[in-house]
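What follows is a short report on a single structure.
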Amino acid sequence: MQQYEWDFGAVLAYWPMLLHGLWGTVAISALAILFGIVGGGLVAAMRMSRHVALRTIGTAYIEFYRNTPGIVHFFWVYYALPVITNVKLGPLEAAVVALATQSSAFYAEVLRGGIQSIVRGQWEGATALGMSRADALRRIIVPQAARRMVAPFVERSFEIVKTSSLASTLAYGELLYQGMQIASITYRPLETYSLLALIYFALLYVLSSLAKILEDRLQEA
Amino acid sequence: MSEIAPSTTDAPILRSENLRKSFGPIEVLKGIDLDVKRGDRIAIIGGSGSGKSTLLRCLNFMELPTGGKVFLEGERIGTVRTARDGSQSVTYSERELMSVRRRVGMVFQQFNLFPHMSSIENVMEGLVTVMRRPKSEARARAAHELERVGLSDKLDVYPGRLSGGQQQRVAIARALAMDPEVLLFDEPTSSLDPELVGEVLRTILTLAEDGRTMLLVTHELGFAYRFATHVIYLYDGVVHETGTGEQIFRNPQKEKTRAFIARSSEFSL
Ligand SMILES: Nc1ncnc2c1ncn2[C@@H]1O[C@H](COP(=O)(O)OP(=O)(O)OP(=O)(O)O)[C@@H](O)[C@H]1O
Ligand SMILES: [Mg+2]
């Protein structure tokens, strides 16, 4: 077998493209996480509502996203949505909408899990003082649940960063898409995709270190 | 309680008429009449599952009664709606329930302190969040209540670092800070090691000296005897017998009461 000659130099020459891709990945992920948290709060509130109708909607939403593949959401938002609504989203917007709606479902479950892990006695202690449900949540339940939610929350966010690579299928210039371009220009897929894996790894490693700091902070409080 | 000479003369603070509570098909409270006057101390005794906790929880509406009426300071809790077919139902607004729970305090068997807050923060919480008092005022009040239960040296300690008896005294201080008109205790010493029971019971007795109106569910019959102006023996969701401590413990009229008291004090010294 012929010895393969590694040549990262040829790939690294295209570093501005990679940087552009990294920025694309960060942009999609950050927006999806942000909107996902807001949406997740709403879905969790529905899921735990006292009204059956809201609860049903919340549950259906979560089940829908749990049981359909992510790439279908991307294609649906990008190709199908314009057909029925006349709204034509760009690749970035479409990717963010697809990812954020999907992550809302997953964040909702993280929130609900955290809140329900707080024992009933805490609700009783709070309501026996005359607290409203909202105050009990805000002052008693959520502060205790927050600690338990950090780990699953970080896990979900990692999932989002990784899933953002699906935006490449919409020809959006995030990391994977840029990598595909570089690989086809340089004919060096081995170096290109190895490098991509390294960049994703570094990105998530930085994120997990930040999460660790946050977790320690919450533990002290 | 109407057949007993009242310890005080004014109108009842808390009153229930034919109070009922079902969980699904199971009726747990089967029509309880209760008359609590200012300064009354009522001990509720009875076997496991007789509905003692459910009764207390219905009186501060942690559970919604499924029948009957509850009056606080003469005012009926809940709004009666008459349907077109003439049937009546009672609805409760969240706001009204919040106000009732603030006025009828509760101390739990499991304390239910907030573990992410220090003792003084636990006691301040209701004052700040519910009563909207300024923090400095709440802090002073909370320190005072903790002093009253003998915990001035534990203000900044978190519940996890306190003994069970100390935790329960913080819980009592937390309830007292709201200045409740009636204070409910649901087996406040049942989850404590025996050597810690005394400090909590002594704290409750000091409240009695202050003239607090209290209802207490307990298995400590000796304490109930010392504490109570009235005793209620609950059996199968009804008030089976009621009277003064002297009457119920020394001279019970009904067979089941007598048997229960004999059973419960079998091994007392
Ligand atoms: N939330 C609930 N749902 C269904 N059944 C309940 C509920 N709460 C209480 N019960 C039932 O109601 C009955 C009375 O319960 P309750 O807790 O009032 O008894 P208790 O007199 O306080 O007993 P114990 O001495 O064991 O504390 C029991 O049979 C219990 O199983
Ligand atoms: Mg009980």
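By order of appearance in the structure tokens: chains A, B, ..., then residues from 1 within every chain, and ligands from 1 in the order shown.
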Report task. Output as a PyMOL selection string the set of chain B residues within 10 Å of chain A, with distances taken over only C-alpha atoms. Result -> chain B and resi 57+60-62+94-108+110-117+125-127+129-131+171+174-175+177-178+180
Query - Site check for ligand 2: residues at most 8 Å away, only C-alpha atoms and all ligand atoms, as a ChimeraX atom specification - result: /B:48-49,51-54,186-187,217
**Report entry** Test item: residues no farther than 12 Å from ligand 1, counting only C-alpha atoms and all ligand atoms, as a PyMOL selection string
**Finding:** (chain A and resi 120) or (chain B and resi 20-30+44-58+62-65+108-110+185-188+190-191+216-220+233-239)
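Nearest-residue note for B:Pro12: choosing from B:Gly78, B:Gly245, B:Gly165, B:Gly39, the minimum distance belongs to B:Gly39, counting only C-alpha atoms.
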Query raised in the report: What separation in Å, quoted to one decimal, exists between atom CA of A:Arg50 and atom CA of A:Ala105?
Result: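 Pair atom CA of A:Arg50 / atom CA of A:Ala105 returns 19.0 Å.
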Requested in this report: Show which residues sit within 12 Å of A:Gly9, as a PyMOL selection string. Count only C-alpha atoms, and ignore same-chain residues fewer than 4 positions away.
Outcome: chain A and resi 5+13-15+186+188+191-192+195
Mind writing the picked residues with all heavy atoms as an mmCIF file, in the first residue's frame?
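Contents of part_12.cif, freshly written:
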```cif
data_model
loop_
_atom_site.group_PDB
_atom_site.id
_atom_site.type_symbol
_atom_site.label_atom_id
_atom_site.label_comp_id
_atom_site.auth_asym_id
_atom_site.auth_seq_id
_atom_site.Cartn_x
_atom_site.Cartn_y
_atom_site.Cartn_z
ATOM 1 N N GLU A 5 0.504 10.797 1.815
ATOM 2 C CA GLU A 5 1.268 11.983 2.206
ATOM 3 C C GLU A 5 0.327 13.054 2.744
ATOM 4 O O GLU A 5 -0.449 13.641 1.999
ATOM 5 C CB GLU A 5 2.056 12.529 1.006
ATOM 6 C CG GLU A 5 3.352 11.772 0.793
ATOM 7 C CD GLU A 5 4.198 12.400 -0.291
ATOM 8 O OE1 GLU A 5 4.139 13.651 -0.433
ATOM 9 O OE2 GLU A 5 4.888 11.659 -1.002
ATOM 10 N N ALA A 13 -4.400 26.712 3.937
ATOM 11 C CA ALA A 13 -4.309 27.902 3.091
ATOM 12 C C ALA A 13 -5.682 28.558 2.937
ATOM 13 O O ALA A 13 -5.796 29.758 2.690
ATOM 14 C CB ALA A 13 -3.746 27.526 1.726
ATOM 15 N N TYR A 14 -6.718 27.736 3.116
ATOM 16 C CA TYR A 14 -8.078 28.283 2.974
ATOM 17 C C TYR A 14 -8.667 28.695 4.321
ATOM 18 O O TYR A 14 -9.879 28.680 4.505
ATOM 19 C CB TYR A 14 -8.965 27.244 2.292
ATOM 20 C CG TYR A 14 -8.602 27.044 0.840
ATOM 21 C CD1 TYR A 14 -7.675 26.074 0.467
ATOM 22 C CD2 TYR A 14 -9.172 27.853 -0.139
ATOM 23 C CE1 TYR A 14 -7.313 25.908 -0.856
ATOM 24 C CE2 TYR A 14 -8.815 27.683 -1.470
ATOM 25 C CZ TYR A 14 -7.887 26.718 -1.823
ATOM 26 O OH TYR A 14 -7.535 26.564 -3.138
ATOM 27 N N TRP A 15 -7.828 29.055 5.260
ATOM 28 C CA TRP A 15 -8.320 29.352 6.612
ATOM 29 C C TRP A 15 -9.400 30.438 6.667
ATOM 30 O O TRP A 15 -10.319 30.368 7.504
ATOM 31 C CB TRP A 15 -7.169 29.670 7.574
ATOM 32 C CG TRP A 15 -6.401 30.936 7.264
ATOM 33 C CD1 TRP A 15 -5.285 31.040 6.498
ATOM 34 C CD2 TRP A 15 -6.721 32.256 7.689
ATOM 35 N NE1 TRP A 15 -4.873 32.326 6.407
ATOM 36 C CE2 TRP A 15 -5.740 33.114 7.133
ATOM 37 C CE3 TRP A 15 -7.725 32.820 8.487
ATOM 38 C CZ2 TRP A 15 -5.755 34.496 7.343
ATOM 39 C CZ3 TRP A 15 -7.724 34.185 8.702
ATOM 40 C CH2 TRP A 15 -6.750 35.018 8.130
ATOM 41 N N THR A 186 -9.366 21.298 -2.991
ATOM 42 C CA THR A 186 -8.002 20.818 -2.746
ATOM 43 C C THR A 186 -7.846 19.328 -3.017
ATOM 44 O O THR A 186 -6.715 18.839 -3.023
ATOM 45 C CB THR A 186 -7.600 21.063 -1.283
ATOM 46 O OG1 THR A 186 -8.518 20.347 -0.445
ATOM 47 C CG2 THR A 186 -7.630 22.532 -0.918
ATOM 48 N N ARG A 188 -8.409 17.175 -0.915
ATOM 49 C CA ARG A 188 -7.803 16.637 0.313
ATOM 50 C C ARG A 188 -8.866 16.423 1.396
ATOM 51 O O ARG A 188 -8.869 17.090 2.427
ATOM 52 C CB ARG A 188 -6.715 17.599 0.835
ATOM 53 C CG ARG A 188 -5.501 17.721 -0.069
ATOM 54 C CD ARG A 188 -4.218 17.450 0.692
ATOM 55 N NE ARG A 188 -3.122 17.143 -0.219
ATOM 56 C CZ ARG A 188 -2.433 16.000 -0.147
ATOM 57 N NH1 ARG A 188 -2.737 15.098 0.757
ATOM 58 N NH2 ARG A 188 -1.445 15.774 -0.979
ATOM 59 N N GLU A 191 -7.505 15.464 5.175
ATOM 60 C CA GLU A 191 -7.039 16.571 6.005
ATOM 61 C C GLU A 191 -8.193 17.497 6.371
ATOM 62 O O GLU A 191 -8.327 17.935 7.513
ATOM 63 C CB GLU A 191 -5.957 17.387 5.279
ATOM 64 C CG GLU A 191 -4.621 16.708 5.163
ATOM 65 C CD GLU A 191 -4.550 15.766 3.966
ATOM 66 O OE1 GLU A 191 -5.611 15.439 3.391
ATOM 67 O OE2 GLU A 191 -3.433 15.349 3.612
ATOM 68 N N THR A 192 -9.038 17.777 5.375
ATOM 69 C CA THR A 192 -10.124 18.735 5.608
ATOM 70 C C THR A 192 -11.057 18.260 6.720
ATOM 71 O O THR A 192 -11.321 18.986 7.681
ATOM 72 C CB THR A 192 -10.949 18.923 4.321
ATOM 73 O OG1 THR A 192 -10.066 19.205 3.247
ATOM 74 C CG2 THR A 192 -11.925 20.069 4.504
ATOM 75 N N LEU A 195 -9.529 18.069 10.141
ATOM 76 C CA LEU A 195 -9.429 19.407 10.712
ATOM 77 C C LEU A 195 -10.797 19.882 11.228
ATOM 78 O O LEU A 195 -10.908 20.463 12.320
ATOM 79 C CB LEU A 195 -8.899 20.366 9.634
ATOM 80 C CG LEU A 195 -8.365 21.701 10.130
ATOM 81 C CD1 LEU A 195 -7.183 21.485 11.066
ATOM 82 C CD2 LEU A 195 -7.941 22.582 8.946
#
```
**Report entry** Polymer residues at most 7 Å from stretch 20-36 of chain A, only C-alpha atoms, same-chain spacing of 2 or more positions, as a ChimeraX atom specification
**Finding:** /A:16-18,38-40,92,95-96,99-101,103-104,107,157,160-161,164,173-175,178
Suppose we keep N, CA and C atoms; can you now write the selection as a compact mmCIF listing (two decimals), in the first residue's frame?
```txt
# COMPACT_ATOMS: atom_id res chain seq x y z
N PRO A 16 -9.36 31.46 5.77
CA PRO A 16 -10.46 32.43 5.88
C PRO A 16 -11.82 31.76 5.65
N MET A 17 -11.87 30.76 4.79
CA MET A 17 -13.13 30.06 4.55
C MET A 17 -13.57 29.29 5.80
N LEU A 18 -12.57 28.69 6.45
CA LEU A 18 -12.89 27.94 7.67
C LEU A 18 -13.40 28.88 8.77
N VAL A 38 -36.19 30.35 25.03
CA VAL A 38 -37.47 31.07 25.17
C VAL A 38 -38.63 30.14 24.81
N GLY A 39 -38.50 29.48 23.64
CA GLY A 39 -39.56 28.55 23.22
C GLY A 39 -39.73 27.41 24.21
N GLY A 40 -38.61 26.91 24.71
CA GLY A 40 -38.66 25.80 25.66
C GLY A 40 -39.41 26.19 26.92
N LEU A 92 -29.89 30.82 6.44
CA LEU A 92 -29.60 31.04 7.86
C LEU A 92 -30.90 31.06 8.67
N ALA A 95 -32.47 27.68 8.88
CA ALA A 95 -31.75 26.79 9.79
C ALA A 95 -32.06 27.14 11.25
N VAL A 96 -32.08 28.45 11.53
CA VAL A 96 -32.35 28.87 12.91
C VAL A 96 -33.77 28.49 13.32
N LEU A 99 -33.89 24.66 13.83
CA LEU A 99 -33.17 24.23 15.03
C LEU A 99 -33.84 24.73 16.31
N ALA A 100 -34.32 25.98 16.27
CA ALA A 100 -34.90 26.56 17.48
C ALA A 100 -36.21 25.87 17.85
N THR A 101 -37.04 25.57 16.86
CA THR A 101 -38.31 24.91 17.18
C THR A 101 -38.04 23.52 17.75
N SER A 103 -35.18 22.54 19.23
CA SER A 103 -34.55 22.57 20.55
C SER A 103 -35.52 23.04 21.63
N SER A 104 -36.56 23.82 21.24
CA SER A 104 -37.59 24.20 22.22
C SER A 104 -38.17 22.95 22.86
N TYR A 107 -35.41 21.52 25.21
CA TYR A 107 -35.23 22.36 26.41
C TYR A 107 -36.44 22.28 27.33
N SER A 157 -27.47 21.60 24.39
CA SER A 157 -26.85 22.67 23.62
C SER A 157 -25.75 22.12 22.72
N ILE A 160 -27.27 20.81 19.74
CA ILE A 160 -27.64 21.86 18.79
C ILE A 160 -26.44 22.27 17.93
N VAL A 161 -25.29 22.44 18.58
CA VAL A 161 -24.09 22.84 17.83
C VAL A 161 -23.80 21.78 16.76
N SER A 164 -26.33 21.77 13.94
CA SER A 164 -26.28 22.94 13.06
C SER A 164 -25.58 22.59 11.75
N GLY A 173 -23.20 28.64 4.56
CA GLY A 173 -21.76 28.53 4.78
C GLY A 173 -21.34 28.35 6.23
N GLU A 174 -21.80 27.29 6.86
CA GLU A 174 -21.27 26.98 8.19
C GLU A 174 -20.07 26.05 8.04
N LEU A 175 -19.56 25.55 9.14
CA LEU A 175 -18.30 24.80 9.09
C LEU A 175 -18.28 23.64 8.08
N GLN A 178 -18.42 24.77 4.40
CA GLN A 178 -17.14 25.34 3.99
C GLN A 178 -16.11 24.24 3.80
```
Query raised in the report: At what distance in Å, to one decimal, does atom CA of B:Lys254 lie from atom CA of B:Val231?
Result: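 Calculated distance between atom CA of B:Val231 and atom CA of B:Lys254 is 13.8 Å.
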Query raised in the report: Between atom CA of B:Gly68 and atom CA of B:Asn18, what is the distance, to one decimal in Å?
Result: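 The value is 4.7 Å.
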Report task. Name all residues at most 10 Å from B:Phe249 (count only C-alpha atoms; drop same-chain ones fewer than 4 positions away) and give them as a PyMOL selection string. Result -> chain B and resi 221-222+224-225+231+243-245+253+257-258+261-262
**Report entry** Who sits within 7 Å of stretch 203-219 of chain A, only C-alpha atoms, same chain under 5 positions skipped, as an NGL selection string
**Finding:** :A and (147 or 150 or 154 or 158)
